[in-house]
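Asker: Below is the file coords.txt, which contains compact mmCIF, C-alpha atoms.
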```txt
# COMPACT_ATOMS: atom_id res chain seq x y z
CA MET B 18 79.08 6.36 -17.46
CA LYS B 19 76.70 5.08 -14.79
CA LYS B 20 77.34 6.96 -11.55
CA ARG B 21 76.35 5.13 -8.41
CA ASP B 22 73.50 6.71 -6.51
CA LYS B 23 73.54 6.80 -2.70
CA ASN B 24 71.93 3.41 -2.31
CA GLN B 25 74.20 1.81 -4.88
CA MET B 26 77.21 3.22 -3.03
CA ALA B 27 75.82 1.86 0.23
CA ALA B 28 75.22 -1.55 -1.36
CA ARG B 29 78.80 -1.57 -2.66
CA VAL B 30 80.19 -0.83 0.81
CA ALA B 31 77.90 -3.43 2.37
CA ARG B 32 79.34 -6.08 0.03
CA ASP B 33 82.74 -5.65 1.70
CA ILE B 34 81.53 -6.06 5.30
CA PRO B 35 82.05 -9.67 6.39
CA GLU B 36 80.02 -11.80 8.76
CA GLY B 37 80.91 -11.16 12.38
CA ALA B 38 82.20 -7.64 11.85
CA TYR B 39 81.64 -4.93 14.47
CA VAL B 40 80.84 -1.76 12.54
CA ASN B 41 80.09 1.88 13.32
CA LEU B 42 78.15 3.78 10.68
CA GLY B 43 78.69 7.53 10.66
CA ILE B 44 75.82 9.99 10.47
CA GLY B 45 74.46 10.73 6.98
CA LEU B 46 75.39 8.67 3.91
CA PRO B 47 76.97 5.75 5.85
CA THR B 48 73.73 5.01 7.74
CA LEU B 49 72.32 3.71 4.43
CA VAL B 50 74.76 0.79 4.56
CA ALA B 51 72.58 -0.85 7.22
CA ASP B 52 69.77 -1.26 4.69
CA HIS B 53 72.00 -3.16 2.27
CA LEU B 54 73.64 -5.77 4.48
CA PRO B 55 72.50 -9.14 3.13
CA LYS B 56 69.84 -10.86 5.19
CA GLY B 57 71.35 -13.67 7.21
CA ARG B 58 74.82 -12.10 7.42
CA GLU B 59 75.39 -11.30 11.09
CA VAL B 60 77.03 -7.89 11.28
CA ILE B 61 76.90 -6.06 14.61
CA LEU B 62 76.32 -2.34 14.39
CA HIS B 63 77.73 -0.10 17.11
CA SER B 64 76.33 3.29 18.07
CA GLU B 65 78.47 5.77 20.03
CA ASN B 66 75.72 6.43 22.55
CA GLY B 67 76.01 2.94 23.99
CA ILE B 68 74.49 0.28 21.75
CA LEU B 69 75.84 -2.89 20.12
CA GLY B 70 73.38 -4.67 17.88
CA VAL B 71 71.50 -1.69 16.51
CA GLY B 72 68.42 -2.90 14.64
CA PRO B 73 66.18 -1.31 12.04
CA LYS B 74 63.91 1.67 12.47
CA PRO B 75 60.92 0.94 14.70
CA ALA B 76 57.42 0.77 13.26
CA PRO B 77 55.61 4.11 13.38
CA GLY B 78 54.08 4.58 16.83
CA SER B 79 56.49 2.24 18.62
CA GLU B 80 59.45 4.63 18.83
CA ASP B 81 61.12 4.77 22.24
CA GLU B 82 62.79 8.06 23.25
CA ASP B 83 65.35 6.09 25.27
CA LEU B 84 66.44 4.05 22.25
CA ILE B 85 68.12 6.25 19.65
CA ASN B 86 71.24 6.11 17.50
CA ALA B 87 74.13 8.57 17.29
CA GLY B 88 72.11 10.64 14.82
CA LYS B 89 69.38 10.77 17.51
CA ASP B 90 66.92 8.87 15.33
CA PRO B 91 64.78 6.12 16.91
CA VAL B 92 66.15 2.61 16.41
CA THR B 93 65.56 -0.89 17.75
CA LEU B 94 67.84 -3.42 19.43
CA LEU B 95 68.54 -6.80 17.83
CA THR B 96 68.18 -9.96 19.89
CA GLY B 97 71.60 -10.36 21.49
CA GLY B 98 72.24 -6.62 21.57
CA ALA B 99 73.62 -4.76 24.58
CA TYR B 100 73.62 -1.33 26.21
CA PHE B 101 76.65 0.25 27.92
CA HIS B 102 77.86 3.66 29.06
CA HIS B 103 79.79 6.22 27.08
CA ALA B 104 83.27 5.47 28.41
CA ASP B 105 82.84 1.79 27.53
CA SER B 106 81.43 2.74 24.16
CA PHE B 107 84.49 4.82 23.34
CA ALA B 108 86.82 2.21 24.79
CA MET B 109 85.44 -0.02 22.04
CA ILE B 110 86.30 2.67 19.49
CA ARG B 111 89.58 4.01 20.85
CA GLY B 112 90.81 0.62 22.03
CA ARG B 113 90.70 -0.68 18.44
CA HIS B 114 87.92 -3.17 19.00
CA LEU B 115 85.74 -2.00 16.12
CA ASP B 116 86.49 -3.69 12.81
CA TYR B 117 85.14 -0.91 10.63
CA ALA B 118 84.10 2.71 10.87
CA ILE B 119 82.30 3.98 7.80
CA LEU B 120 82.52 7.75 7.59
CA GLY B 121 81.36 10.50 5.30
CA ALA B 122 83.96 13.09 4.32
CA PHE B 123 84.52 16.51 2.78
CA GLN B 124 88.01 15.51 1.66
CA VAL B 125 90.45 12.60 1.81
CA SER B 126 94.15 13.05 1.04
CA VAL B 127 96.59 10.78 -0.74
CA ALA B 128 98.10 9.94 2.64
CA GLY B 129 94.71 8.89 4.04
CA ASP B 130 94.05 12.04 6.05
CA ILE B 131 90.35 12.75 6.43
CA ALA B 132 88.46 16.04 6.88
CA ASN B 133 84.82 15.60 7.77
CA TRP B 134 83.89 17.75 10.76
CA HIS B 135 84.37 21.39 9.86
CA THR B 136 84.18 23.38 6.65
CA GLY B 137 86.68 25.89 8.03
CA ALA B 138 84.20 28.74 7.59
CA SER B 139 84.97 31.30 10.30
CA ASP B 140 81.32 31.79 11.28
CA ALA B 141 80.53 28.07 11.43
CA ILE B 142 79.65 26.58 14.80
CA PRO B 143 82.03 23.64 15.16
CA ALA B 144 80.77 20.18 16.14
CA VAL B 145 82.96 17.08 16.15
CA GLY B 146 81.00 14.35 17.96
CA GLY B 147 82.79 11.00 17.76
CA ALA B 148 84.38 11.55 14.36
CA MET B 149 87.96 12.00 15.61
CA ASP B 150 87.69 8.96 17.87
CA LEU B 151 86.39 6.78 15.04
CA ALA B 152 89.07 8.02 12.64
CA VAL B 153 91.95 6.95 14.88
CA GLY B 154 90.27 4.06 16.64
CA ALA B 155 88.61 1.74 14.15
CA ARG B 156 90.82 -0.98 12.72
CA LYS B 157 89.77 0.01 9.23
CA VAL B 158 88.24 3.32 8.24
CA LEU B 159 86.09 3.29 5.11
CA VAL B 160 85.04 6.58 3.57
CA MET B 161 81.87 6.97 1.58
CA MET B 162 81.47 10.23 -0.35
CA GLU B 163 80.71 11.81 -3.71
CA HIS B 164 83.82 11.85 -5.88
CA LEU B 165 83.40 15.53 -6.79
CA THR B 166 82.07 18.61 -5.03
CA LYS B 167 78.98 20.32 -6.38
CA THR B 168 81.28 22.60 -8.36
CA GLY B 169 83.16 19.67 -9.86
CA GLU B 170 86.34 19.66 -7.78
CA SER B 171 87.87 16.39 -6.65
CA LYS B 172 87.28 15.56 -2.99
CA ILE B 173 90.34 13.33 -3.15
CA VAL B 174 93.21 15.76 -2.73
CA GLU B 175 96.95 16.02 -2.25
CA ARG B 176 96.47 17.72 1.12
CA CYS B 177 93.19 18.44 2.88
CA THR B 178 92.34 22.13 2.91
CA TYR B 179 89.50 21.67 5.40
CA PRO B 180 90.40 21.14 9.08
CA LEU B 181 91.54 17.55 9.67
CA THR B 182 89.57 14.92 11.55
CA GLY B 183 92.40 12.40 11.58
CA MET B 184 95.76 11.75 9.93
CA ARG B 185 96.74 8.71 7.86
CA CYS B 186 93.75 6.67 8.88
CA VAL B 187 91.58 6.02 5.79
CA GLY B 188 91.86 2.54 4.31
CA ARG B 189 89.41 2.59 1.41
CA ILE B 190 87.34 5.24 -0.37
CA TYR B 191 83.96 4.47 -1.96
CA THR B 192 82.63 7.16 -4.27
CA ASP B 193 79.89 7.39 -6.87
CA LEU B 194 82.59 6.79 -9.49
CA ALA B 195 85.11 4.34 -8.05
CA VAL B 196 86.50 2.28 -5.20
CA ILE B 197 90.02 3.31 -4.24
CA ASP B 198 92.44 1.86 -1.70
CA VAL B 199 94.80 4.10 0.23
CA GLU B 200 98.21 2.41 0.33
CA PRO B 201 101.59 3.62 1.57
CA ASP B 202 102.70 4.14 -2.05
CA GLY B 203 99.57 6.01 -3.10
CA LEU B 204 96.00 5.52 -4.26
CA HIS B 205 95.08 2.27 -6.00
CA VAL B 206 91.91 2.14 -8.06
CA VAL B 207 90.12 -1.09 -7.21
CA GLU B 208 87.26 -0.51 -9.63
CA THR B 209 85.45 2.15 -11.60
CA VAL B 210 81.75 2.29 -12.41
CA ASP B 211 80.47 0.96 -15.74
CA GLY B 212 81.48 3.12 -18.66
CA LEU B 213 84.17 5.06 -16.81
CA SER B 214 87.73 4.45 -17.94
CA PHE B 215 90.73 4.67 -15.65
CA GLU B 216 91.98 7.59 -17.75
CA GLU B 217 88.73 9.50 -17.37
CA LEU B 218 88.69 8.85 -13.60
CA GLN B 219 92.28 10.10 -13.44
CA ARG B 220 91.28 13.24 -15.35
CA LEU B 221 88.49 13.97 -12.83
CA THR B 222 90.62 13.26 -9.74
CA GLY B 223 93.05 15.82 -8.46
CA VAL B 224 95.88 13.46 -7.62
CA PRO B 225 97.79 10.62 -9.28
CA LEU B 226 96.05 7.24 -9.22
CA LYS B 227 97.50 3.80 -9.73
CA ARG B 228 95.74 1.22 -11.83
CA MET B 229 95.04 -1.88 -9.80
CA MET B 230 92.17 -3.54 -11.66
CA LEU B 231 90.03 -3.15 -14.72
CA THR B 232 86.52 -1.76 -14.74
CA ALA B 233 84.35 -3.90 -12.50
CA ALA B 234 80.66 -4.49 -12.34
CA MET S 6 69.79 4.60 58.35
CA ILE S 7 71.16 5.79 55.03
CA ASP S 8 68.52 7.54 53.00
CA LYS S 9 69.64 9.49 49.92
CA THR S 10 66.13 10.17 48.70
CA MET S 11 65.05 13.80 48.53
CA ALA S 12 61.53 15.18 48.56
CA SER S 13 61.79 17.13 45.30
CA PRO S 14 64.18 18.23 42.54
CA GLU S 15 64.12 21.69 44.14
CA ALA S 16 65.27 20.29 47.49
CA ALA S 17 67.97 18.26 45.77
CA LEU S 18 69.49 21.33 44.10
CA ALA S 19 68.90 24.01 46.72
CA ASP S 20 72.62 24.44 47.49
CA VAL S 21 74.01 24.89 43.96
CA PRO S 22 76.13 28.08 44.05
CA ASP S 23 76.80 30.57 41.27
CA GLY S 24 79.79 29.52 39.18
CA ALA S 25 79.31 25.79 39.78
CA ILE S 26 80.62 23.22 37.31
CA ILE S 27 77.72 20.92 36.49
CA MET S 28 77.71 17.75 34.43
CA ILE S 29 74.37 16.94 32.87
CA GLY S 30 73.76 13.44 31.57
CA GLY S 31 71.99 12.60 28.36
CA PHE S 32 72.63 12.31 24.66
CA GLY S 33 70.15 14.62 23.03
CA ASN S 34 66.99 13.99 25.01
CA ALA S 35 67.73 10.35 25.90
CA GLY S 36 68.87 10.31 29.51
CA MET S 37 68.53 14.05 29.98
CA PRO S 38 67.30 14.74 33.55
CA ALA S 39 64.70 17.30 32.51
CA ALA S 40 63.07 17.73 35.95
CA LEU S 41 66.45 18.46 37.56
CA ILE S 42 67.30 21.00 34.88
CA ASP S 43 63.93 22.69 35.39
CA ALA S 44 64.65 22.84 39.12
CA LEU S 45 68.10 24.32 38.41
CA ILE S 46 66.49 27.01 36.27
CA ALA S 47 64.02 27.79 39.06
CA GLN S 48 66.81 27.75 41.67
CA GLY S 49 68.58 30.64 40.00
CA ALA S 50 72.31 29.77 40.10
CA ARG S 51 74.19 31.72 37.42
CA ASN S 52 77.51 31.78 35.66
CA LEU S 53 77.50 28.00 35.36
CA THR S 54 79.90 25.74 33.49
CA ILE S 55 77.98 22.88 31.89
CA VAL S 56 79.40 19.56 30.68
CA ASN S 57 77.12 17.65 28.31
CA ASN S 58 77.46 15.95 24.94
CA ASN S 59 75.36 18.63 23.29
CA ALA S 60 74.39 22.25 23.88
CA GLY S 61 70.65 21.82 24.14
CA ASN S 62 67.95 20.70 21.72
CA GLY S 63 64.69 22.53 21.06
CA ASP S 64 63.32 24.75 23.81
CA THR S 65 63.31 22.55 26.90
CA GLY S 66 65.85 21.01 29.27
CA LEU S 67 69.46 22.15 28.70
CA ALA S 68 68.26 24.43 25.88
CA ALA S 69 66.03 26.26 28.35
CA LEU S 70 68.93 26.68 30.80
CA VAL S 71 71.06 28.10 27.98
CA LYS S 72 68.21 30.35 26.84
CA ALA S 73 67.87 31.69 30.40
CA LYS S 74 71.52 32.88 30.09
CA ARG S 75 72.63 30.95 33.11
CA VAL S 76 75.49 29.19 31.34
CA ARG S 77 78.80 30.98 30.96
CA ARG S 78 80.74 28.10 29.48
CA ILE S 79 79.91 24.75 27.95
CA LEU S 80 82.10 21.71 27.31
CA CYS S 81 80.60 19.41 24.71
CA SER S 82 81.30 17.43 21.55
CA PHE S 83 78.37 18.33 19.34
CA PRO S 84 76.74 21.73 19.91
CA ARG S 85 75.54 22.41 16.38
CA GLN S 86 72.28 20.71 15.55
CA ALA S 87 69.16 21.53 13.56
CA ASP S 88 67.40 22.52 16.79
CA SER S 89 70.24 24.09 18.84
CA TRP S 90 69.00 27.63 18.13
CA HIS S 91 69.35 28.97 21.69
CA PHE S 92 73.02 27.98 21.91
CA ASP S 93 73.69 29.12 18.34
CA ALA S 94 72.34 32.61 18.99
CA LEU S 95 74.35 33.14 22.20
CA TYR S 96 77.50 31.65 20.65
CA ARG S 97 77.30 33.93 17.62
CA ALA S 98 76.72 36.90 19.94
CA GLY S 99 79.83 35.95 21.94
CA LYS S 100 77.78 35.40 25.08
CA ILE S 101 78.71 31.79 25.77
CA GLU S 102 82.11 30.10 25.78
CA LEU S 103 82.55 26.76 24.05
CA GLU S 104 85.21 24.14 24.69
CA LEU S 105 84.74 21.60 21.92
CA VAL S 106 85.91 18.12 22.96
CA PRO S 107 85.87 14.94 20.85
CA GLN S 108 83.16 12.70 22.25
CA GLY S 109 85.45 9.88 23.35
CA THR S 110 87.89 12.33 24.90
CA LEU S 111 84.97 13.93 26.74
CA ALA S 112 83.86 10.56 28.14
CA GLU S 113 87.43 9.61 29.05
CA ARG S 114 88.23 12.95 30.70
CA ILE S 115 85.14 12.47 32.85
CA ARG S 116 86.09 8.87 33.58
CA ALA S 117 89.63 9.97 34.48
CA ALA S 118 88.28 12.49 36.99
CA GLY S 119 86.16 9.81 38.62
CA ALA S 120 89.04 7.34 38.72
CA GLY S 121 91.64 9.68 40.17
CA ILE S 122 93.77 9.81 37.03
CA GLY S 123 95.90 12.95 36.68
CA ALA S 124 96.01 13.04 32.88
CA PHE S 125 96.18 10.60 29.96
CA PHE S 126 97.51 10.34 26.43
CA THR S 127 95.05 9.61 23.62
CA PRO S 128 95.58 9.39 19.87
CA THR S 129 92.26 11.13 19.22
CA ALA S 130 92.59 14.58 17.62
CA HIS S 131 96.34 14.33 17.12
CA GLY S 132 97.34 16.59 14.23
CA THR S 133 94.01 18.41 14.27
CA ARG S 134 92.85 21.85 15.32
CA LEU S 135 91.46 20.43 18.57
CA ALA S 136 94.94 19.41 19.70
CA GLU S 137 96.58 22.78 19.01
CA GLY S 138 98.69 23.92 21.95
CA LYS S 139 98.44 20.58 23.72
CA GLU S 140 101.36 18.46 24.82
CA THR S 141 101.98 15.46 22.57
CA ARG S 142 104.09 12.34 22.86
CA HIS S 143 105.26 9.64 20.47
CA ILE S 144 104.77 6.25 22.12
CA GLU S 145 105.66 3.00 20.38
CA GLY S 146 105.07 4.30 16.88
CA ARG S 147 101.99 6.33 17.56
CA ASP S 148 101.33 10.00 18.34
CA TYR S 149 99.25 10.94 21.36
CA VAL S 150 97.74 14.09 22.86
CA LEU S 151 97.78 14.79 26.60
CA GLU S 152 94.32 15.36 28.05
CA TYR S 153 93.29 16.31 31.58
CA PRO S 154 90.34 15.15 33.65
CA ILE S 155 87.10 17.11 33.98
CA HIS S 156 85.93 17.37 37.59
CA ALA S 157 82.52 18.72 38.50
CA ASP S 158 80.77 20.11 41.54
CA TYR S 159 77.49 18.45 40.59
CA ALA S 160 76.37 15.73 38.18
CA LEU S 161 72.68 15.69 37.28
CA ILE S 162 71.75 12.35 35.79
CA LYS S 163 68.69 10.27 34.96
CA ALA S 164 68.24 6.68 36.08
CA ASP S 165 65.41 4.20 35.65
CA ARG S 166 65.39 2.60 39.11
CA ALA S 167 67.15 3.51 42.33
CA ASP S 168 67.13 2.50 46.00
CA ARG S 169 67.74 4.57 49.12
CA TRP S 170 71.46 3.72 49.08
CA GLY S 171 71.73 5.30 45.61
CA ASN S 172 72.25 2.10 43.62
CA LEU S 173 71.09 2.73 40.05
CA THR S 174 69.95 1.02 36.88
CA TYR S 175 69.29 2.77 33.61
CA ARG S 176 67.01 2.33 30.64
CA LYS S 177 68.29 1.47 27.13
CA SER S 178 70.48 4.11 25.48
CA ALA S 179 69.46 6.66 28.13
CA ARG S 180 72.40 5.26 30.13
CA ASN S 181 75.03 7.04 27.97
CA PHE S 182 77.03 9.52 30.12
CA GLY S 183 75.19 8.84 33.42
CA PRO S 184 77.48 6.22 34.96
CA VAL S 185 80.75 8.07 34.22
CA MET S 186 79.43 11.46 35.24
CA ALA S 187 78.20 9.97 38.52
CA THR S 188 81.83 9.12 39.38
CA ALA S 189 83.28 12.54 38.53
CA ALA S 190 81.24 14.99 40.63
CA LYS S 191 81.43 15.94 44.29
CA CYS S 192 77.64 15.71 44.46
CA THR S 193 75.73 13.43 42.10
CA VAL S 194 72.01 14.08 41.97
CA VAL S 195 69.79 11.47 40.33
CA GLN S 196 66.36 11.79 38.80
CA THR S 197 64.84 8.31 38.75
CA ARG S 198 61.58 6.90 37.41
CA GLU S 199 61.18 4.64 40.40
CA ILE S 200 62.58 4.20 43.91
CA VAL S 201 62.52 0.60 45.05
CA GLU S 202 63.11 -1.13 48.39
CA LEU S 203 66.70 -1.91 49.33
CA GLY S 204 67.40 -5.38 47.91
CA ALA S 205 64.92 -5.09 45.06
CA LEU S 206 67.67 -4.28 42.55
CA ASP S 207 69.57 -7.37 41.43
CA PRO S 208 73.13 -6.78 42.73
CA GLU S 209 74.44 -8.38 39.50
CA SER S 210 72.62 -5.72 37.48
CA VAL S 211 73.39 -2.56 39.43
CA VAL S 212 75.14 -0.26 36.95
CA THR S 213 76.05 2.61 39.27
CA PRO S 214 76.78 1.54 42.86
CA GLY S 215 75.50 3.94 45.50
CA ILE S 216 78.96 5.13 46.54
CA PHE S 217 78.90 7.45 43.53
CA VAL S 218 75.47 8.92 44.36
CA ARG S 219 74.57 11.59 46.90
CA ARG S 220 70.89 12.42 46.25
CA VAL S 221 67.98 10.63 44.59
CA VAL S 222 64.65 12.11 43.53
CA ARG S 223 61.72 10.22 42.08
CA VAL S 224 60.24 11.82 38.98
CA ALA S 225 57.45 10.04 37.12
CA SER S 226 58.45 9.15 33.56
CA SER S 227 57.04 11.25 30.78
CA LEU S 228 58.03 8.75 28.12
CA ARG S 229 55.20 7.35 26.09
CA ASN S 230 56.58 3.84 25.77
CA ALA S 231 58.51 3.55 29.03
CA ALA S 232 57.82 0.38 30.95
```
Once more with this new file: its structure as structure tokens, please.
Answerer:
Amino acid sequence: MKKRDKNQMAARVARDIPEGAYVNLGIGLPTLVADHLPKGREVILHSENGILGVGPKPAPGSEDEDLINAGKDPVTLLTGGAYFHHADSFAMIRGRHLDYAILGAFQVSVAGDIANWHTGASDAIPAVGGAMDLAVGARKVLVMMEHLTKTGESKIVERCTYPLTGMRCVGRIYTDLAVIDVEPDGLHVVETVDGLSFEELQRLTGVPLKRMMLTAA
Amino acid sequence: MIDKTMASPEAALADVPDGAIIMIGGFGNAGMPAALIDALIAQGARNLTIVNNNAGNGDTGLAALVKAKRVRRILCSFPRQADSWHFDALYRAGKIELELVPQGTLAERIRAAGAGIGAFFTPTAHGTRLAEGKETRHIEGRDYVLEYPIHADYALIKADRADRWGNLTYRKSARNFGPVMATAAKCTVVQTREIVELGALDPESVVTPGIFVRRVVRVASSLRNAA
């Protein structure tokens, strides 16, 4: 089987983002999606700290400390972009104005619950940022994550064992092995990577899957 | 004549008492009023409650205030970072209290304080650990958590340009929490790159009207690429 690497996963997510969409990319894996949006497709990226129209990384030497993204990395502003304060920024999120939030995750449950902010370790210093706002606020929440943990356990689970970020909010899961929709009647496999059968995907995944389509490119 | 300008950051913060609740603007270092924080450290007030998105980065600014053990309690959304070592050490030693607040709830609780709202219901954090013990309500098919405003004694924020009435504009994503925090404190103190003549700010472009501002101090920008 040909697992998708991080950039292939990001390219696969990017394919599903239509022209005109307002999108928030979570810190980590989801930020790669920006690099794979087709040139010429106008997608407007939102950053929690008050930017619509986030552009690419600045050239070395032209970074501006006042222009950073939610991950605190230097960015640029596209022509047509705008700045606004935090309450407006989260009104966009919580008021259901964002079309998509693309989030990383530790676990996603059959019901579409997501856990992505806390490992549950008792000595961990918790940090939530805007994750809980994005989970409940975006019109569609897309999750991008490895299918399995480093020790081979499915990250798609019956019930999340890590502390929840949001309940019943995930719409679609993109992993290195498959694309899976979360529907009221369960998980529907939209596609698997080349050389991976539905049966094999089912064997690797901790919960029952429904067959929606055949192996896709 | 109204004149909110102050001679120095030290003069602007001379009356901060021990135990004050202080909002500090900024998201990481963007918009953080570093000169005001330095003046607060020099001023000596202790036992402070700080409201900020983070808990300090590196060794300067809010991190230095935390390191100086002047903060008893911090309300923020994202304390843990690669360079939050001063907070991390005190937190693990049980020497600083943390109230972790989702970022949008933090912004809205501040906004609510500034707008005179007694409490509000939000769907954020429903069903999670951060809503444990909080009142909830089911409204038209959705579950909500009751959240209360955060009021402050002082807000320390950073603007780009200001006039003597306290009208403010900001620079790029350094705006972040500044405008909402300005509304939620009894005394908003502004560090600004430039103080301009009354009338020089385009009234259509004023982001924070002077009614929300008590004191303004000019501090030259240290940013490399600032205009």
Asker: May I have the residues of chain B within 7 Å of chain S, counting all atoms listed in the file, written as JSON, numbers by chain?
Answerer: {"B": [66, 67, 68, 81, 82, 83, 84, 85, 89, 100, 101, 102, 103, 104, 107, 142, 143, 144, 145, 146, 147, 149, 150, 153, 180, 181, 182, 183, 184]}
Asker: Mind giving me the straight-line distance from CA of Met28 (chain S) to CA of Thr213 (chain S) in Å, one decimal?
Answerer: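 Calculated distance between CA of Met28 (chain S) and CA of Thr213 (chain S) is 16.0 Å.
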Asker: Do a neighbour search on Asp168 (chain S) at 6 Å with all atoms listed in the file, toss out local chain neighbours closer than 6 positions, and write the hits as a list in words.
Answerer: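 Here the qualifying residues turn out to be Ile200, Val201, Glu202 and Leu203 of chain S.
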Asker: Dump C-alpha atoms for the selected residues as a PDB file, keeping the file's coordinate frame?
Answerer:
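What landed in result.pdb:
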```
ATOM      1  CA  ILE S 200      62.580   4.200  43.910  1.00  0.00           C
ATOM      2  CA  VAL S 201      62.520   0.600  45.050  1.00  0.00           C
ATOM      3  CA  GLU S 202      63.110  -1.130  48.390  1.00  0.00           C
ATOM      4  CA  LEU S 203      66.700  -1.910  49.330  1.00  0.00           C
TER       5      LEU S 203
END
```
Asker: I'd like the contact shell of region 59-65 of chain B - 7 Å cut-off, all atoms listed in the file, skipping same-chain residues fewer than 6 positions apart - returned as a list in words.
Answerer: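 My list of contacting residues is Glu36, Gly37, Ala38, Tyr39, Val40, Asn41, Val71, Asn86, Ala87, Ser106 and Phe107 of chain B.
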Asker: Find, counting all atoms listed in the file, the residue in B:Glu163, B:Glu80, B:Asp52, B:Asp90 that gets nearest to Ala122 (chain B).
Answerer: B:Glu163
Asker: Would you work out the distance separating CA of Gly188 (chain B) from CA of Leu159 (chain B), expressed in Å to one decimal?
Answerer: 5.9 Å
Asker: Give the padded box for region 196-208 of chain B as lines of an AutoDock Vina configuration file: axis-aligned, covering all atoms listed in the file, 5 Å on each side, centre and edge lengths in Å to one decimal.
Answerer:
```
center_x = 94.6
center_y = 2.5
center_z = -4.0
size_x = 26.2
size_y = 17.1
size_z = 21.2
```
Asker: Which distance in Å separates CA of Gly204 (chain S) and CA of Pro38 (chain S), to one decimal?
Answerer: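 Distance between the two atoms: 24.7 Å.
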Asker: My list of candidates is B:Ser214, B:Asn133, B:Thr222, B:Thr209. Which is closest to His164 (chain B) when distances are computed with all atoms listed in the file?
Answerer: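 Checking each candidate against His164 (chain B), we get B:Thr222 as the closest.
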Asker: Can you list, as a compact mmCIF listing (two decimals) with C-alpha atoms, in the coordinates of the input, every protein, DNA or RNA residue that comes within 10 Å of Ala76 (chain B) when you count only C-alpha atoms, leaving out same-chain residues fewer than 4 positions away?
Answerer:
```txt
# COMPACT_ATOMS: atom_id res chain seq x y z
CA GLU B 80 59.45 4.63 18.83
CA PRO B 91 64.78 6.12 16.91
CA VAL B 92 66.15 2.61 16.41
CA THR B 93 65.56 -0.89 17.75
```
Asker: Pick the closest to Ala40 (chain S) from S:His156, S:Lys163, S:Arg147, S:Arg219: which is it, counting only C-alpha atoms?
Answerer: S:Lys163
Asker: Considering only C-alpha atoms, can you say which of S:Ala157, S:Val150, S:Ala69, S:Ala136 comes closest to Thr54 (chain S)?
Answerer: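 Of the candidates, the smallest distance to Thr54 (chain S) is held by S:Ala157.
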Asker: Select, counting only C-alpha atoms, all protein, DNA and RNA residues no farther than 8 Å from (59.1, 4.8, 42.8) in file coordinates, and express the selection as a PDB file with C-alpha atoms, keeping the file's coordinate frame.
Answerer:
```pdb
ATOM      1  CA  ARG S 166      65.390   2.600  39.110  1.00  0.00           C
ATOM      2  CA  THR S 197      64.840   8.310  38.750  1.00  0.00           C
ATOM      3  CA  ARG S 198      61.580   6.900  37.410  1.00  0.00           C
ATOM      4  CA  GLU S 199      61.180   4.640  40.400  1.00  0.00           C
ATOM      5  CA  ILE S 200      62.580   4.200  43.910  1.00  0.00           C
ATOM      6  CA  VAL S 201      62.520   0.600  45.050  1.00  0.00           C
ATOM      7  CA  ARG S 223      61.720  10.220  42.080  1.00  0.00           C
ATOM      8  CA  ALA S 225      57.450  10.040  37.120  1.00  0.00           C
TER       9      ALA S 225
END
```
Asker: My list of candidates is S:Ala16, S:Leu95, S:Ala39, S:Ile26. Which is closest to Ile155 (chain S) when distances are computed with only C-alpha atoms?
Answerer: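 Once distances to Ile155 (chain S) are computed over only C-alpha atoms, the minimum belongs to S:Ile26.
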Asker: Have a look at B:Glu217, B:Asp198, B:Asp130, B:Asp211 and name the one nearest to Thr178 (chain B); count all atoms listed in the file.
Answerer: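 Distance minimum relative to Thr178 (chain B) lands on B:Asp130.
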